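Next comes coords_14.txt, a file with compact mmCIF, C-alpha atoms and all ligand atoms.
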# COMPACT_ATOMS: atom_id res chain seq x y z
CA MET W 271 116.41 103.32 118.69
CA LYS W 272 114.86 106.40 117.10
CA ILE W 273 111.09 106.48 116.80
CA ALA W 274 109.06 109.13 114.99
CA VAL W 275 105.71 109.44 116.75
CA LEU W 276 102.89 110.61 114.47
CA PRO W 277 99.54 110.52 116.31
CA GLY W 278 97.48 112.20 113.58
CA ASP W 279 93.75 112.86 113.95
CA GLY W 280 90.69 111.74 115.90
CA ILE W 281 91.38 108.83 118.24
CA GLY W 282 94.95 108.76 116.84
CA THR W 283 96.17 111.11 119.57
CA GLU W 284 94.45 109.13 122.35
CA ILE W 285 95.65 105.66 121.36
CA VAL W 286 99.20 106.71 120.49
CA ALA W 287 99.54 108.40 123.90
CA GLU W 288 98.88 105.00 125.52
CA ALA W 289 101.32 103.15 123.25
CA VAL W 290 104.00 105.75 124.07
CA ARG W 291 103.44 105.23 127.80
CA VAL W 292 103.76 101.48 127.31
CA LEU W 293 107.06 101.91 125.42
CA GLN W 294 108.35 104.23 128.14
CA ALA W 295 107.43 101.70 130.84
CA LEU W 296 109.87 99.23 129.27
CA GLU W 297 112.80 101.48 130.21
CA LEU W 298 114.65 100.85 126.95
CA PRO W 299 117.05 103.36 125.36
CA ILE W 300 114.40 104.74 123.03
CA GLU W 301 114.39 108.26 121.60
CA MET W 302 110.94 109.48 120.57
CA GLU W 303 110.09 112.64 118.67
CA SER W 304 106.56 113.66 117.69
CA ALA W 305 105.20 115.58 114.72
CA LEU W 306 101.87 116.56 113.24
CA VAL W 307 100.41 114.54 110.38
CA GLY W 308 97.08 114.35 108.53
CA GLY W 309 94.34 116.88 109.23
CA ALA W 310 96.25 118.21 112.25
CA ALA W 311 99.24 119.02 110.02
CA TYR W 312 96.97 120.52 107.36
CA GLU W 313 95.50 122.89 109.98
CA ALA W 314 98.94 123.94 111.25
CA HIS W 315 101.05 123.90 108.07
CA GLY W 316 98.60 123.73 105.15
CA HIS W 317 99.73 120.20 104.16
CA PRO W 318 98.88 116.72 105.56
CA LEU W 319 102.49 115.54 105.23
CA PRO W 320 104.78 118.54 105.76
CA GLU W 321 108.45 118.22 104.72
CA SER W 322 109.53 118.30 108.38
CA THR W 323 107.24 115.39 109.28
CA LEU W 324 108.40 113.36 106.31
CA LYS W 325 112.04 114.05 107.18
CA LEU W 326 111.49 113.00 110.80
CA ALA W 327 109.95 109.74 109.58
CA MET W 328 112.66 109.06 107.01
CA ASP W 329 115.46 109.70 109.53
CA ALA W 330 113.88 107.46 112.20
CA ASP W 331 114.37 103.71 112.54
CA ALA W 332 110.63 103.30 112.99
CA VAL W 333 107.42 105.29 112.89
CA LEU W 334 104.61 104.89 115.41
CA PHE W 335 101.50 106.10 113.60
CA GLY W 336 97.98 106.65 114.95
CA ALA W 337 95.39 107.43 112.28
CA VAL W 338 94.45 110.26 109.94
CA GLY W 339 91.22 111.61 108.54
CA ASP W 340 87.99 113.33 109.37
CA TRP W 341 84.80 113.81 107.41
CA LYS W 342 85.33 117.59 107.52
CA TYR W 343 88.29 117.28 105.12
CA ASP W 344 86.41 115.21 102.52
CA LYS W 345 85.83 118.21 100.24
CA LEU W 346 89.50 119.26 100.07
CA ASP W 347 91.46 118.69 96.87
CA ARG W 348 92.78 115.12 97.02
CA PRO W 349 96.49 116.02 97.54
CA LEU W 350 95.51 117.96 100.68
CA ARG W 351 93.31 115.29 102.24
CA PRO W 352 94.61 113.71 105.47
CA GLU W 353 94.72 110.19 103.99
CA GLN W 354 97.41 111.38 101.55
CA ALA W 355 99.77 111.56 104.53
CA ILE W 356 99.73 107.83 105.23
CA LEU W 357 99.80 107.01 101.51
CA GLY W 358 102.75 109.41 101.10
CA LEU W 359 104.65 107.87 104.02
CA ARG W 360 104.13 104.36 102.60
CA LYS W 361 105.34 105.51 99.20
CA HIS W 362 108.32 107.63 100.31
CA LEU W 363 109.56 105.01 102.77
CA GLY W 364 108.94 102.16 100.31
CA LEU W 365 106.81 100.27 102.85
CA PHE W 366 105.63 97.56 100.48
CA ALA W 367 105.00 94.73 102.96
CA ASN W 368 102.09 95.14 105.35
CA PHE W 369 101.59 92.51 108.06
CA ARG W 370 98.16 92.41 109.66
CA PRO W 371 97.95 89.51 112.13
CA ALA W 372 94.44 88.54 113.19
CA ILE W 373 94.79 86.72 116.49
CA CYS W 374 91.83 85.94 118.69
CA TYR W 375 92.80 86.20 122.35
CA PRO W 376 91.00 83.42 124.28
CA GLU W 377 89.36 86.03 126.54
CA LEU W 378 87.74 87.73 123.54
CA VAL W 379 86.17 84.69 121.94
CA GLY W 380 82.79 85.98 123.12
CA ALA W 381 83.38 89.55 121.86
CA SER W 382 83.25 88.67 118.18
CA SER W 383 80.05 88.70 116.20
CA LEU W 384 80.97 85.16 115.05
CA LYS W 385 80.25 81.91 116.87
CA PRO W 386 82.96 81.16 119.48
CA GLU W 387 83.90 77.77 117.98
CA LEU W 388 84.70 79.42 114.64
CA ILE W 389 87.30 81.78 116.06
CA ALA W 390 88.68 80.15 119.23
CA GLY W 391 92.42 79.71 118.68
CA LEU W 392 92.43 81.81 115.49
CA ASP W 393 95.88 83.00 114.38
CA ILE W 394 96.10 84.12 110.76
CA LEU W 395 98.38 86.59 109.05
CA ILE W 396 97.23 88.86 106.25
CA ILE W 397 100.11 90.13 104.14
CA ARG W 398 98.97 93.08 102.09
CA GLU W 399 101.06 94.58 99.28
CA LEU W 400 101.10 98.26 100.22
CA THR W 401 102.72 100.44 97.57
CA GLY W 402 101.13 99.31 94.30
CA ASP W 403 97.77 98.34 92.78
CA ILE W 404 94.93 100.74 92.03
CA TYR W 405 95.99 102.85 95.05
CA PHE W 406 99.04 104.22 93.23
CA GLY W 407 98.47 103.36 89.54
CA GLN W 408 98.53 106.21 87.02
CA PRO W 409 96.75 107.66 85.12
CA ARG W 410 93.71 108.52 87.16
CA GLY W 411 91.30 111.39 87.07
CA ARG W 412 88.10 112.77 85.63
CA ARG W 413 87.31 113.46 82.00
CA THR W 414 84.61 113.36 79.37
CA ALA W 415 83.97 109.83 78.13
CA THR W 416 84.72 109.22 74.47
CA ASP W 417 83.42 105.65 74.50
CA GLY W 418 81.69 103.19 76.87
CA HIS W 419 77.98 103.16 77.67
CA PHE W 420 77.64 106.95 77.79
CA PRO W 421 79.98 108.77 75.37
CA GLY W 422 80.09 112.50 76.20
CA ALA W 423 79.28 111.94 79.87
CA GLU W 424 81.55 112.95 82.76
CA GLU W 425 83.52 109.93 84.03
CA ALA W 426 86.25 109.03 86.52
CA PHE W 427 88.96 106.41 86.21
CA ASP W 428 91.85 104.80 88.14
CA THR W 429 94.53 102.38 87.00
CA MET W 430 95.08 98.95 88.52
CA ARG W 431 98.62 97.73 87.88
CA TYR W 432 101.37 95.52 89.27
CA SER W 433 104.86 94.93 87.91
CA LYS W 434 106.52 91.53 88.13
CA PRO W 435 109.16 92.55 90.74
CA GLU W 436 106.45 94.06 92.95
CA ILE W 437 104.56 90.76 92.98
CA GLU W 438 107.72 88.69 93.36
CA ARG W 439 108.95 90.52 96.44
CA ILE W 440 105.63 90.33 98.32
CA ALA W 441 105.30 86.65 97.36
CA HIS W 442 108.75 85.96 98.85
CA VAL W 443 107.69 87.78 102.03
CA ALA W 444 104.57 85.61 102.26
CA PHE W 445 106.33 82.28 101.64
CA GLN W 446 109.07 83.14 104.11
CA ALA W 447 106.51 84.13 106.75
CA ALA W 448 104.59 80.88 106.14
CA ARG W 449 107.80 78.87 106.67
CA LYS W 450 107.90 80.18 110.23
CA ARG W 451 104.22 79.32 110.75
CA ASN W 452 101.97 76.57 109.39
CA LYS W 453 103.51 76.51 105.90
CA LYS W 454 100.39 77.47 103.98
CA VAL W 455 99.86 80.52 101.76
CA THR W 456 96.52 81.54 100.26
CA SER W 457 97.03 84.00 97.44
CA VAL W 458 93.89 86.05 96.92
CA ASP W 459 93.16 87.43 93.46
CA LYS W 460 90.46 88.17 90.90
CA ALA W 461 92.18 86.36 88.05
CA ASN W 462 88.86 85.32 86.54
CA VAL W 463 88.16 88.94 85.56
CA LEU W 464 91.22 91.17 85.94
CA GLU W 465 94.43 90.90 83.89
CA THR W 466 96.41 92.47 86.75
CA PHE W 467 95.38 89.59 88.99
CA GLN W 468 95.89 86.83 86.41
CA PHE W 469 99.45 88.18 86.27
CA TRP W 470 99.56 88.24 90.09
CA LYS W 471 98.51 84.57 90.18
CA ASP W 472 101.05 83.55 87.51
CA VAL W 473 103.94 85.31 89.27
CA VAL W 474 103.02 83.96 92.73
CA THR W 475 102.90 80.45 91.22
CA GLU W 476 106.34 80.99 89.67
CA VAL W 477 107.87 82.18 92.97
CA HIS W 478 106.27 79.23 94.77
CA ALA W 479 108.64 76.88 92.90
CA GLN W 480 111.36 78.10 95.30
CA TYR W 481 109.28 77.08 98.35
CA PRO W 482 108.26 73.44 97.78
CA ASP W 483 107.84 72.97 101.54
CA VAL W 484 105.03 75.57 101.63
CA GLU W 485 101.53 74.76 100.38
CA LEU W 486 100.05 77.35 97.99
CA GLU W 487 96.37 77.77 97.24
CA HIS W 488 94.77 80.42 95.05
CA MET W 489 91.40 81.90 95.92
CA TYR W 490 89.21 84.53 94.29
CA VAL W 491 88.64 87.53 96.50
CA ASP W 492 84.85 87.16 96.65
CA ASN W 493 85.21 83.57 97.83
CA ALA W 494 87.96 84.62 100.30
CA ALA W 495 85.63 87.21 101.84
CA MET W 496 83.07 84.45 102.37
CA GLN W 497 85.55 81.78 103.59
CA LEU W 498 86.98 84.24 106.14
CA VAL W 499 83.71 84.19 108.03
CA ARG W 500 82.77 80.58 107.18
CA ALA W 501 85.96 78.82 108.28
CA PRO W 502 88.65 81.40 109.16
CA LYS W 503 90.94 78.88 110.84
CA LYS W 504 91.56 77.17 107.50
CA PHE W 505 93.81 80.11 106.57
CA ASP W 506 97.41 80.55 107.70
CA VAL W 507 99.08 83.28 105.62
CA VAL W 508 96.93 85.25 103.19
CA VAL W 509 98.80 87.31 100.59
CA THR W 510 97.02 89.80 98.40
CA GLY W 511 97.12 93.18 96.68
CA ASN W 512 96.67 96.59 98.21
CA MET W 513 92.93 97.05 97.78
CA PHE W 514 91.79 93.49 98.51
CA GLY W 515 94.11 93.48 101.54
CA ASP W 516 92.55 96.68 102.86
CA ILE W 517 89.07 95.20 102.71
CA LEU W 518 89.87 91.67 103.90
CA SER W 519 91.88 92.92 106.88
CA ASP W 520 88.97 95.01 108.18
CA GLU W 521 86.78 91.92 107.77
CA ALA W 522 89.35 89.78 109.60
CA SER W 523 89.49 92.25 112.47
CA MET W 524 86.01 91.17 113.53
CA LEU W 525 87.33 87.62 113.94
CA THR W 526 89.48 88.98 116.77
CA GLY W 527 86.56 90.68 118.50
CA SER W 528 87.04 94.25 117.28
CA ILE W 529 88.83 96.44 114.78
CA GLY W 530 90.45 97.92 117.90
CA MET W 531 92.48 94.70 118.29
CA LEU W 532 94.21 94.52 114.88
CA PRO W 533 97.79 95.85 114.82
CA SER W 534 99.97 96.24 111.75
CA ALA W 535 103.56 96.54 110.61
CA SER W 536 104.57 98.03 107.26
CA LEU W 537 108.13 97.23 106.27
CA ASN W 538 110.58 98.24 103.55
CA THR W 539 113.66 96.40 102.30
CA LYS W 540 115.84 98.09 104.97
CA ASN W 541 113.70 96.75 107.81
CA GLN W 542 112.58 100.28 108.56
CA GLY W 543 108.96 100.10 109.61
CA LEU W 544 105.80 102.05 110.19
CA TYR W 545 103.57 100.61 112.89
CA GLU W 546 99.92 101.53 113.14
CA PRO W 547 96.57 100.03 114.07
CA SER W 548 94.62 98.79 111.05
CA HIS W 549 91.67 101.02 111.89
CA GLY W 550 91.14 104.70 111.22
CA SER W 551 90.62 107.89 113.19
CA ALA W 552 87.08 106.90 114.29
CA PRO W 553 85.63 110.43 114.31
CA ASP W 554 82.43 109.03 115.85
CA ILE W 555 84.17 108.28 119.16
CA ALA W 556 87.12 110.70 119.04
CA GLY W 557 87.88 112.79 122.12
CA LYS W 558 85.66 110.63 124.34
CA ASN W 559 88.31 108.40 125.93
CA LEU W 560 86.42 105.40 124.49
CA ALA W 561 88.78 104.02 121.84
CA ASN W 562 90.53 100.70 122.29
CA PRO W 563 94.29 101.40 122.39
CA LEU W 564 95.32 97.72 122.18
CA ALA W 565 95.81 97.59 118.39
CA THR W 566 98.27 100.48 118.71
CA ILE W 567 99.97 99.00 121.78
CA LEU W 568 100.31 95.67 119.94
CA SER W 569 101.70 97.57 116.92
CA ALA W 570 104.39 98.94 119.25
CA ALA W 571 105.20 95.34 120.20
CA MET W 572 105.52 94.49 116.49
CA MET W 573 107.93 97.44 116.17
CA LEU W 574 110.15 96.08 118.93
CA ARG W 575 110.10 92.63 117.33
CA PHE W 576 110.54 93.54 113.65
CA THR W 577 112.63 96.70 113.56
CA PHE W 578 114.57 96.55 116.84
CA ASN W 579 114.91 92.81 117.34
CA GLN W 580 113.84 93.28 120.97
CA THR W 581 111.95 90.00 121.21
CA GLU W 582 111.80 89.94 124.97
CA ALA W 583 110.39 93.46 125.25
CA ALA W 584 107.81 92.63 122.55
CA ASP W 585 106.82 89.47 124.44
CA ARG W 586 106.49 91.56 127.57
CA ILE W 587 103.94 93.87 125.93
CA GLU W 588 101.97 90.96 124.48
CA ARG W 589 101.95 89.14 127.84
CA ALA W 590 100.81 92.34 129.57
CA VAL W 591 97.91 92.67 127.10
CA SER W 592 96.93 89.03 127.73
CA SER W 593 96.99 89.48 131.47
CA VAL W 594 94.92 92.66 131.33
CA LEU W 595 92.30 90.90 129.20
CA ALA W 596 92.41 87.91 131.55
CA SER W 597 91.74 90.26 134.47
CA GLY W 598 88.46 91.19 132.77
CA LEU W 599 89.16 94.79 131.69
CA ARG W 600 87.53 95.83 128.42
CA THR W 601 87.07 98.99 126.39
CA THR W 602 83.54 99.50 125.08
CA ASP W 603 84.15 97.81 121.70
CA ILE W 604 85.09 94.47 123.32
CA TRP W 605 82.95 94.69 126.42
CA SER W 606 80.56 91.83 127.23
CA GLU W 607 78.43 90.86 130.23
CA GLY W 608 80.54 90.04 133.29
CA THR W 609 83.59 92.12 132.27
CA THR W 610 84.66 95.56 133.50
CA LYS W 611 84.41 98.56 131.21
CA VAL W 612 87.45 100.86 131.12
CA SER W 613 88.39 103.97 129.15
CA THR W 614 91.24 104.35 126.67
CA ARG W 615 93.40 105.75 129.46
CA GLY W 616 92.22 103.05 131.89
CA MET W 617 93.27 100.31 129.46
CA GLY W 618 96.66 102.02 128.95
CA ASP W 619 97.11 102.31 132.73
CA ALA W 620 96.39 98.59 133.15
CA VAL W 621 98.90 97.54 130.47
CA VAL W 622 101.56 99.85 131.93
CA ALA W 623 100.88 98.43 135.41
CA ALA W 624 101.16 94.84 134.11
CA ILE W 625 104.50 95.65 132.44
CA THR W 626 105.86 97.44 135.50
CA LYS W 627 104.95 94.41 137.60
CA THR W 628 106.93 92.05 135.33
CA ILE W 629 109.93 94.42 135.34
CA THR W 630 109.88 94.67 139.15
CA LYS W 631 109.67 90.89 139.41
CA GLY W 632 112.59 90.62 136.95
N1 LIG T 1 95.60 104.38 108.48
C1 LIG T 1 94.73 105.35 108.71
O1 LIG T 1 95.10 106.42 109.15
C2 LIG T 1 93.27 105.13 108.45
C3 LIG T 1 92.72 103.85 108.34
C4 LIG T 1 91.36 103.70 108.08
C5 LIG T 1 90.55 104.82 107.94
N2 LIG T 1 91.12 106.07 108.03
C6 LIG T 1 90.29 107.30 108.01
O2 LIG T 1 89.58 107.35 109.25
C7 LIG T 1 88.36 108.08 109.04
C8 LIG T 1 87.21 107.25 109.58
O3 LIG T 1 87.03 106.10 108.74
P1 LIG T 1 86.01 104.91 109.04
O4 LIG T 1 84.95 105.38 109.98
O5 LIG T 1 85.64 104.35 107.75
O6 LIG T 1 86.91 103.79 109.76
P2 LIG T 1 87.43 103.69 111.26
O7 LIG T 1 88.31 102.51 111.32
O8 LIG T 1 88.01 104.98 111.71
O9 LIG T 1 86.10 103.41 112.12
C9 LIG T 1 85.18 102.37 111.79
C10 LIG T 1 84.35 102.01 113.02
O10 LIG T 1 85.19 101.30 113.95
C11 LIG T 1 85.24 101.97 115.20
N3 LIG T 1 86.63 101.92 115.69
C12 LIG T 1 87.75 102.13 114.95
N4 LIG T 1 88.85 102.04 115.73
C13 LIG T 1 88.42 101.78 116.98
C14 LIG T 1 89.07 101.59 118.24
N5 LIG T 1 90.39 101.63 118.37
N6 LIG T 1 88.30 101.35 119.33
C15 LIG T 1 86.96 101.27 119.22
N7 LIG T 1 86.28 101.44 118.07
C16 LIG T 1 87.00 101.70 116.97
C17 LIG T 1 84.79 103.40 114.92
O11 LIG T 1 84.25 104.00 116.08
C18 LIG T 1 83.81 103.22 113.77
O12 LIG T 1 82.54 102.92 114.30
C19 LIG T 1 88.29 108.36 107.54
O13 LIG T 1 88.74 109.67 107.33
C20 LIG T 1 89.25 107.35 106.93
O14 LIG T 1 89.79 107.76 105.71
C21 LIG T 1 92.44 106.24 108.32
C1 LIG T 2 93.25 105.64 105.22
C2 LIG T 2 93.46 104.72 104.08
C3 LIG T 2 94.33 105.40 103.05
C4 LIG T 2 94.08 103.38 104.50
C5 LIG T 2 94.16 102.45 103.29
O1 LIG T 2 93.21 102.35 102.51
O2 LIG T 2 95.22 101.82 103.14
C6 LIG T 2 93.37 102.60 105.60
O3 LIG T 2 92.10 102.17 105.25
C7 LIG T 2 94.24 101.43 106.05
O4 LIG T 2 93.76 100.31 106.02
O5 LIG T 2 95.39 101.67 106.45
MG MG T 3 91.73 100.15 105.78
Can you give me the file's structure in the form of structure tokens?
Ligand SMILES: NC(=O)c1ccc[n+]([C@@H]2O[C@H](COP(=O)([O-])OP(=O)(O)OC[C@H]3O[C@@H](n4cnc5c(N)ncnc54)[C@H](O)[C@@H]3O)[C@@H](O)[C@H]2O)c1
Ligand SMILES: CC(C)[C@H](C(=O)O)[C@@H](O)C(=O)O
Ligand SMILES: [Mg+2]
Amino acid sequence: MKIAVLPGDGIGTEIVAEAVRVLQALELPIEMESALVGGAAYEAHGHPLPESTLKLAMDADAVLFGAVGDWKYDKLDRPLRPEQAILGLRKHLGLFANFRPAICYPELVGASSLKPELIAGLDILIIRELTGDIYFGQPRGRRTATDGHFPGAEEAFDTMRYSKPEIERIAHVAFQAARKRNKKVTSVDKANVLETFQFWKDVVTEVHAQYPDVELEHMYVDNAAMQLVRAPKKFDVVVTGNMFGDILSDEASMLTGSIGMLPSASLNTKNQGLYEPSHGSAPDIAGKNLANPLATILSAAMMLRFTFNQTEAADRIERAVSSVLASGLRTTDIWSEGTTKVSTRGMGDAVVAAITKTITKG
């Protein structure tokens, strides 16, 4: 089991350190090798995704990723910006299927900004297409407008596009995931305005014919954003494009109590995966030992489950997280009256201790 460990920037280094300690506590035959990525790699090597880092990731069975980015790099040319590292990894490794499960742990029902009854028992899965859409479509750039409202003015443009096979494969992923859950898929689009998403809707409908046991509903993205906070438990599997999935998954994270609770798995056709929290490098709290490491720790559990088929070890991590939350320990983002505030390291220590206890007990 070879894991490339890429902590990145900001809180990335702090949260990945805790996930690594959790993996080590499991005493599995895991080989881990670290490399710089994002702004840290730009500082050291002049590029956010150096060849050596990309090679390490491509040769590994799985990548454990923290986060990249900092406001101080926002003026760099786009190819040198830290965010290009994660986009480049997704593209080079072909990580088209992104799983972002939003699960509300019973202990955190009070931590969300939503009413407890809306989110108690919540367990939804957002499946985000990760290598297409306006994120990767060409052409893009800046130019002088020759038409539109202001001919002659400076303008910028991007290209939204999806090919049929790209939509088909993510639709299959969603229907197959739904089969193992509550057999309902909501496909989120903007077919009323965008040709790309009328096509998305048509192709998803076509693929659905192969899954008559799964219910399919279509929903416009603006309505989906509203329904997610109105009645989130009505969803089971949500499948959508790259950009809508980015936005809706951050929204869904608040249903779990905090963005610090939302893990993710990004998979390719070879079951190679990159595992990262759904949040970013949080420059506002970086270096303060304040970040919640649980999204990253839970991403490590997803790695054991999806890439390494180590179901028992994955369960062990998830049980340890539950027991730590049940014992009342909270990082600042999920803290509420009557619970005990701990640091990033303190939360990591508690999860490691809970795992060690289960191993000792056998
Ligand atoms: N995959 C990635 O590497 C990734 C993802 C998202 C954003 N980014 C980058 O991160 C930088 C910051 O972006 P942003 O501020 O928009 O989003 P962010 O997710 O980094 O932070 C948003 C807010 O959530 C809080 N937060 C995030 N993770 C947390 C955690 N684990 N525990 C407690 N609080 C947490 C932050 O303190 C901040 O207030 C940008 O450069 C952005 O491009 C990277
Ligand atoms: C950092 C950025 C490129 C990334 C995205 O937009 O995909 C992030 O927001 C995410 O959700 O992983
Ligand atoms: Mg995002």
Sort by chain and increasing residue number a table of all residues of chain W within 7 Å of ligand MG 3 (chain T), each with its closest pair of atoms and their distance in Å to one decimal, counting all atoms listed in the file, and write it as JSON lines.
{"residue": "W:Asp516", "atom": "CA", "partner": "T:MG3", "partner_atom": "MG", "distance": 4.6}
{"residue": "W:Ile517", "atom": "CA", "partner": "T:MG3", "partner_atom": "MG", "distance": 6.4}
{"residue": "W:Asp520", "atom": "CA", "partner": "T:MG3", "partner_atom": "MG", "distance": 6.3}
{"residue": "W:Ser548", "atom": "CA", "partner": "T:MG3", "partner_atom": "MG", "distance": 6.2}
{"residue": "W:His549", "atom": "CA", "partner": "T:MG3", "partner_atom": "MG", "distance": 6.2}
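What separates CA of Val594 in chain W from CA of Ile285 in chain W is a distance of 16.4 Å.
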Checklist entry - What do you get as an MDAnalysis selection string if you pick all residues at most 10 Å from ligand LIG 2 (chain T), counting only C-alpha atoms and all ligand atoms? => result chainID W and resid 337:339 351:358 360 368 370 398 400:401 405 512:520 534 536 546:551
Checklist entry - Looking at only C-alpha atoms, which of W:Tyr490, W:Thr539, W:Phe576, W:Arg410 is the one that sits closest to Gln468 in chain W? => result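 Among the listed residues, the smallest separation from Gln468 in chain W belongs to W:Tyr490.
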Next on the checklist: Give me, as a VMD selection string, all polymer residues having an atom no more than 10 Å from Lys342 in chain W, counting only C-alpha atoms and skipping those fewer than 4 positions away in the same chain.
Outcome noted: chain W and resid 309 346 351 553
Checklist entry - CA of Tyr545 in chain W and atom C9 of ligand LIG 1 (chain T), how far apart in Å? => result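 Going from atom C9 of ligand LIG 1 (chain T) over to CA of Tyr545 in chain W, I get 18.5 Å.
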Next on the checklist: Report as a ChimeraX atom specification all protein, DNA and RNA residues lying within 6 Å of range 580-584 of chain W, evaluated on all atoms listed in the file, omitting residues in the same chain fewer than 4 positions from it.
Outcome noted: /W:571,574-575
Checklist entry - With all atoms listed in the file as the basis for distance, which of W:Lys272, W:Arg451, W:Lys345, W:His488 is at the shortest distance from ligand LIG 1 (chain T)? => result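 Going through W:Lys272, W:Arg451, W:Lys345, W:His488 one by one, the smallest distance to ligand LIG 1 (chain T) is for W:Lys345.
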Give me, as a short mmCIF file (atom, residue, chain, number, x, y, z; two decimals) with C-alpha atoms, keeping the file's coordinate frame, all polymer residues having an atom no more than 10 Å from Trp470 in chain W, counting only C-alpha atoms and skipping those fewer than 3 positions away in the same chain.
data_model
loop_
_atom_site.label_atom_id
_atom_site.label_comp_id
_atom_site.auth_asym_id
_atom_site.auth_seq_id
_atom_site.Cartn_x
_atom_site.Cartn_y
_atom_site.Cartn_z
CA ARG W 431 98.62 97.73 87.88
CA TYR W 432 101.37 95.52 89.27
CA SER W 433 104.86 94.93 87.91
CA LYS W 434 106.52 91.53 88.13
CA GLU W 436 106.45 94.06 92.95
CA ILE W 437 104.56 90.76 92.98
CA GLU W 438 107.72 88.69 93.36
CA ALA W 441 105.30 86.65 97.36
CA SER W 457 97.03 84.00 97.44
CA VAL W 458 93.89 86.05 96.92
CA ASP W 459 93.16 87.43 93.46
CA LYS W 460 90.46 88.17 90.90
CA ALA W 461 92.18 86.36 88.05
CA LEU W 464 91.22 91.17 85.94
CA GLU W 465 94.43 90.90 83.89
CA THR W 466 96.41 92.47 86.75
CA PHE W 467 95.38 89.59 88.99
CA VAL W 473 103.94 85.31 89.27
CA VAL W 474 103.02 83.96 92.73
CA THR W 475 102.90 80.45 91.22
CA GLU W 476 106.34 80.99 89.67
CA THR W 510 97.02 89.80 98.40
CA GLY W 511 97.12 93.18 96.68
#
Checklist entry - For Phe427 in chain W, which of W:Gly407, W:Pro320, W:Pro299, W:Phe335 is the closest residue, counting all atoms listed in the file? => result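 For Phe427 in chain W, the nearest of the given residues is W:Gly407.
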To test the calculation: enclose all listed atoms of ligand LIG 1 (chain T) in a box whose edges run along x, y and z, add 4 Å on each side, then state centre and edge lengths in Å to one decimal, as lines of an AutoDock Vina configuration file.
center_x = 89.1
center_y = 105.5
center_z = 112.5
size_x = 21.1
size_y = 16.4
size_z = 21.6
